[in-house]
Amino acid sequence: MMKKYILLWLSVFTTMTASGQWSTLNDQQPMNGQWSMVNGSMADSLPWPQNVRARLDSLVGLPMFETSTVGLMVYDLSADSVLYCHNHRVLLRPASTMKLLTAITAIDLLGGNYRLNTSLYYKGTISNRTLRGTLYCVGGMDPLFDGNDMRAFANELRQLGVDTIRGTIVADCTMKDTLRLGEGWCWDDRNPILSPLLVSRKANFTERLVGELAAQHVEVDSIRLTTGRMPGDARFICSRTHTLQQVLVPMMKESDNLFAESLFYQIAAGSGKRPATAKGSRAVMQQLIRRMGLNPEVYRIADGSGLSLYNYLSAELEVMFLRYAWQNWQVYNLLYPSLPIAGVDGTLQKRMLMPFNTGNVHAKTGTLSGVSALSGYCTAPNGHVLCFSTINQGVMRASTAHRFQERVCSALTEPSTETDRK
């Protein structure tokens with residue numbers, strides 16, 4: 001009799017494997033009913049949260065992990081307890097989910113009303129509608145500064161009654177160090193330029209100012225363009241500002257690397273470190289990690305965007321940052337609306353299209369060659385708010401990792417029974 005049961009079980013296992021329920025992540029495979037059998041028991045017949053754990057156990061056992069790995073952690077924020085862990089302390093490259101750490105640290109330290117300033121000063125004299133002396137363009141690493149802001153600069157000079165400038169225009173980039181690229185960035189990536197003075201993302205600020213002055217009929221006579229530091233006795237002309245919140249939304253929704261690096265350096269600058277450096281920003285992050293009860297020396301933080309191949313974090317660390325944000329409403333109220341929404345906007349607009357994920361999962365995506373990550377929040381069928389982090393490493397096709405991540409989220413959001421659905 002026992003032999004017959006063993007043969008029957010092998011037959012069922014072979015049939016399920018051949019159909020792809022356990023062994024593949026087939027695009028055509030339906031999501032409903034995907035948790036058919038785990039360790040000989042029906043996952044959906046288990047109470048919550050055991051059913052979720054059974055579902056996730058079945059996923060981390062997929063054959064895709066014969067050639068790749070995943071760090072996965074789920075935390076029940078409503079119950080303030082760990083729901084699931086798998087390789088949660090293994091150090092992995094986070095890709096753009098690194099932006100979560102940058103965003104949470106920046107909001108916590110600076111607040112949503114913190115302003116990124118680009119200012120114009122002068123030293124010299126204004127007489128007979130001619131400014132003789134030096135214009136100082138003082139950069140604050142505002143990634144939103146564009147042609148409209150530049151026109152406002154030129155217009156403010158006109159409002160002073162100036163129609164001729166004779167002297168020097170100085171680009172003051174002393175807000176941060178002189179490094180234009182981040183540590184561990186690939187030379188063949190489309191990397192942002194890490195300059196405090198950018199206009200429409202390009203480092204040709206003073207040249208653009210000269211062009212705009214000419215467009216507004218301000219004569220620039222034998223002007224010299226150079227770099228330097230503004231003296232303390234220079235006179236203020238005007239400033240253009242954008243708030244941290246304005247920078248945060250495109251940084252997270254569209255995963256903008258320049259915006260992330262700007263906030264990363266604001267962390268150092270806002271803590272009083274001038275010039276701002278990656279080391280200074282990293283020190284502030286490490287202090288926050290220590291406040292969460294973790295050892296910051298375990299991790300490697302190289303930049304704020306996740307472009308660096310030198311970043312090494314864990315799923316646990318990302319979950320603890322998400323938990324910290326949840327427990328501090330000043331942080332959460334700014335972070336949560338900035339996250340991409342499954343099936344709705346940002347980098348998740350065309351992903352997570354299953355019924356219980358769409359509009360429910362709010363998460364940051366991350367992609368590098370061989371790396372795919374997803375970390376954020378969702379609501380379980382019982383109303384509990386969860387945060388999660390899944391970092392896939394060694395995946396040669398991002399689509400494979402995306403399907404895995406969608407199944408992880410479905411495991412968290414999909415009801416088990418018709419009663420649960422109601």
# chains A, B, ... in the order shown; residues from 1 in each chain; ligands from 1
$ residues_around --residues "segment 73-76 of chain A" --least-positions-apart "6" --cutoff "6 Å" --atoms "only C-alpha atoms" --output "PyMOL selection string"
chain A and resi 82-85+88+315+386-389
$ select_by_dssp --residues "segment 103-160 of chain A" --states "strand (DSSP E or B)" --output "list in words"
Arg115, Leu116, Asn117, Thr118, Ser119, Leu120, Tyr121, Tyr122, Lys123, Gly124, Thr125, Ile126, Ser127, Thr130, Leu131, Arg132, Gly133, Thr134, Leu135, Tyr136, Cys137 and Val138 of chain A
$ select_by_dssp --residues "segment 29-154 of chain A" --states "helix (DSSP H, G or I)" --output "ChimeraX atom specification"
/A:43-45,50-60,63-66,95-110,147-154
$ write_last_selection --atoms "C-alpha atoms" --output "compact mmCIF listing (two decimals), in the first residue's frame"
# COMPACT_ATOMS: atom_id res chain seq x y z
CA ALA A 43 -0.94 26.10 0.66
CA ASP A 44 -4.29 27.81 0.25
CA SER A 45 -5.86 25.61 2.91
CA GLN A 50 1.26 30.13 7.18
CA ASN A 51 -0.23 30.13 3.69
CA VAL A 52 2.02 33.05 2.70
CA ARG A 53 5.08 31.29 4.04
CA ALA A 54 4.18 28.14 2.14
CA ARG A 55 3.73 30.10 -1.07
CA LEU A 56 7.09 31.81 -0.67
CA ASP A 57 8.78 28.51 0.22
CA SER A 58 7.59 27.12 -3.11
CA LEU A 59 9.00 30.11 -4.99
CA VAL A 60 12.48 30.18 -3.46
CA PRO A 63 15.12 25.78 -10.47
CA MET A 64 16.06 29.35 -11.49
CA PHE A 65 18.02 29.46 -8.23
CA GLU A 66 20.35 26.70 -9.40
CA ALA A 95 20.75 48.42 -8.01
CA SER A 96 18.24 51.29 -7.88
CA THR A 97 16.56 50.11 -4.69
CA MET A 98 19.55 51.92 -3.18
CA LYS A 99 17.45 55.03 -3.81
CA LEU A 100 15.18 53.94 -0.94
CA LEU A 101 18.02 54.42 1.53
CA THR A 102 18.92 57.75 -0.02
CA ALA A 103 15.32 58.99 0.03
CA ILE A 104 14.57 57.89 3.59
CA THR A 105 17.82 59.31 4.95
CA ALA A 106 17.33 62.62 3.14
CA ILE A 107 13.71 63.02 4.25
CA ASP A 108 14.61 62.08 7.82
CA LEU A 109 17.49 64.55 7.98
CA LEU A 110 16.26 67.43 5.84
CA GLY A 147 16.14 76.95 -19.22
CA ASN A 148 13.25 78.72 -17.50
CA ASP A 149 15.38 79.24 -14.41
CA MET A 150 18.23 80.54 -16.57
CA ARG A 151 15.90 83.03 -18.24
CA ALA A 152 14.85 84.20 -14.77
CA PHE A 153 18.53 84.81 -13.91
CA ALA A 154 19.03 86.96 -17.00
$ atom_distance --atom1 "atom CA of Gln327 of chain A" --atom2 "atom CA of Asn113 of chain A"
20.1 Å
$ closest_residue --among "A:Arg240, A:Arg190, A:Arg235, A:Arg291" --to "Thr125 of chain A" --atoms "only C-alpha atoms"
A:Arg235
$ closest_atom_pairs --of "segment 86-131 of chain A" --to "segment 213-222 of chain A" --cutoff "12 Å" --atoms "only C-alpha atoms" --output "tab-separated table"
residue	atom	partner	partner_atom	distance
A:Arg129	CA	A:Val218	CA	9.9
A:Thr130	CA	A:Glu219	CA	9.1
A:Leu131	CA	A:Val220	CA	9.8
$ write_last_selection --atoms "all heavy atoms" --output "PDB file, in the first residue's frame"
ATOM      1  N   ARG A 129      24.128 101.737 -16.480  1.00  0.00           N
ATOM      2  CA  ARG A 129      23.548 100.464 -16.966  1.00  0.00           C
ATOM      3  C   ARG A 129      24.614  99.408 -17.272  1.00  0.00           C
ATOM      4  O   ARG A 129      24.349  98.428 -17.961  1.00  0.00           O
ATOM      5  CB  ARG A 129      22.673 100.699 -18.208  1.00  0.00           C
ATOM      6  CG  ARG A 129      21.555 101.699 -17.972  1.00  0.00           C
ATOM      7  CD  ARG A 129      20.668 101.861 -19.185  1.00  0.00           C
ATOM      8  NE  ARG A 129      19.919 100.647 -19.454  1.00  0.00           N
ATOM      9  CZ  ARG A 129      18.769 100.317 -18.850  1.00  0.00           C
ATOM     10  NH1 ARG A 129      18.255 101.112 -17.918  1.00  0.00           N
ATOM     11  NH2 ARG A 129      18.136  99.201 -19.164  1.00  0.00           N
ATOM     12  N   THR A 130      25.828  99.595 -16.719  1.00  0.00           N
ATOM     13  CA  THR A 130      26.913  98.650 -16.955  1.00  0.00           C
ATOM     14  C   THR A 130      27.398  98.071 -15.630  1.00  0.00           C
ATOM     15  O   THR A 130      27.689  98.814 -14.681  1.00  0.00           O
ATOM     16  CB  THR A 130      28.106  99.325 -17.676  1.00  0.00           C
ATOM     17  OG1 THR A 130      27.661  99.815 -18.946  1.00  0.00           O
ATOM     18  CG2 THR A 130      29.247  98.332 -17.891  1.00  0.00           C
ATOM     19  N   LEU A 131      27.438  96.740 -15.576  1.00  0.00           N
ATOM     20  CA  LEU A 131      28.008  96.064 -14.397  1.00  0.00           C
ATOM     21  C   LEU A 131      29.476  95.793 -14.695  1.00  0.00           C
ATOM     22  O   LEU A 131      29.812  95.047 -15.635  1.00  0.00           O
ATOM     23  CB  LEU A 131      27.259  94.762 -14.109  1.00  0.00           C
ATOM     24  CG  LEU A 131      27.587  94.045 -12.792  1.00  0.00           C
ATOM     25  CD1 LEU A 131      26.452  93.095 -12.396  1.00  0.00           C
ATOM     26  CD2 LEU A 131      28.893  93.246 -12.852  1.00  0.00           C
TER      27      LEU A 131
END
$ closest_atom_pairs --of "segment 191-261 of chain A" --to "segment 342-351 of chain A" --cutoff "8 Å" --atoms "only C-alpha atoms" --output "Markdown table"
| residue | atom | partner | partner_atom | distance |
| --- | --- | --- | --- | --- |
| A:Met252 | CA | A:Gly346 | CA | 8.0 |
| A:Lys253 | CA | A:Gly346 | CA | 4.4 |
| A:Glu254 | CA | A:Gly346 | CA | 5.2 |
| A:Ser255 | CA | A:Thr347 | CA | 7.3 |
$ closest_residue --among "A:Thr367, A:Thr277, A:Ser68, A:Asn357" --to "Leu309 of chain A" --atoms "only C-alpha atoms"
A:Thr367
$ closest_residue --among "A:Thr400, A:Ser78, A:Asn87, A:Ser281" --to "Ala380 of chain A" --atoms "only C-alpha atoms"
A:Ser78
$ residues_around --residues "Leu368 of chain A" --least-positions-apart "3" --cutoff "8 Å" --atoms "only C-alpha atoms" --output "list in words"
Ala95, Leu307, Val371 and Ser372 of chain A
$ write_last_selection --atoms "all heavy atoms" --output "CSV table (one decimal), in the first residue's frame"
chain,number,residue,atom,x,y,z
A,95,ALA,N,21.1,47.6,-6.8
A,95,ALA,CA,20.7,48.4,-8.0
A,95,ALA,C,20.0,49.6,-7.5
A,95,ALA,O,20.3,50.2,-6.5
A,95,ALA,CB,20.0,47.6,-9.0
A,307,LEU,N,23.9,53.0,-9.0
A,307,LEU,CA,24.7,52.7,-10.2
A,307,LEU,C,26.0,52.0,-9.9
A,307,LEU,O,26.5,51.2,-10.7
A,307,LEU,CB,25.1,54.0,-10.9
A,307,LEU,CG,24.0,54.7,-11.8
A,307,LEU,CD1,24.5,56.0,-12.3
A,307,LEU,CD2,23.7,53.8,-13.0
A,371,VAL,N,21.3,41.9,-12.2
A,371,VAL,CA,20.7,42.2,-10.9
A,371,VAL,C,19.3,42.8,-11.2
A,371,VAL,O,19.1,43.6,-12.1
A,371,VAL,CB,21.5,43.3,-10.1
A,371,VAL,CG1,20.8,43.7,-8.8
A,371,VAL,CG2,22.9,42.8,-9.9
A,372,SER,N,18.3,42.3,-10.4
A,372,SER,CA,17.0,42.9,-10.4
A,372,SER,C,16.4,42.9,-9.0
A,372,SER,O,16.5,41.8,-8.3
A,372,SER,CB,16.1,42.1,-11.3
A,372,SER,OG,14.8,42.6,-11.4
$ closest_residue --among "A:Gln330, A:Phe356, A:Asp233, A:Leu322" --to "Tyr377 of chain A" --atoms "only C-alpha atoms"
A:Leu322
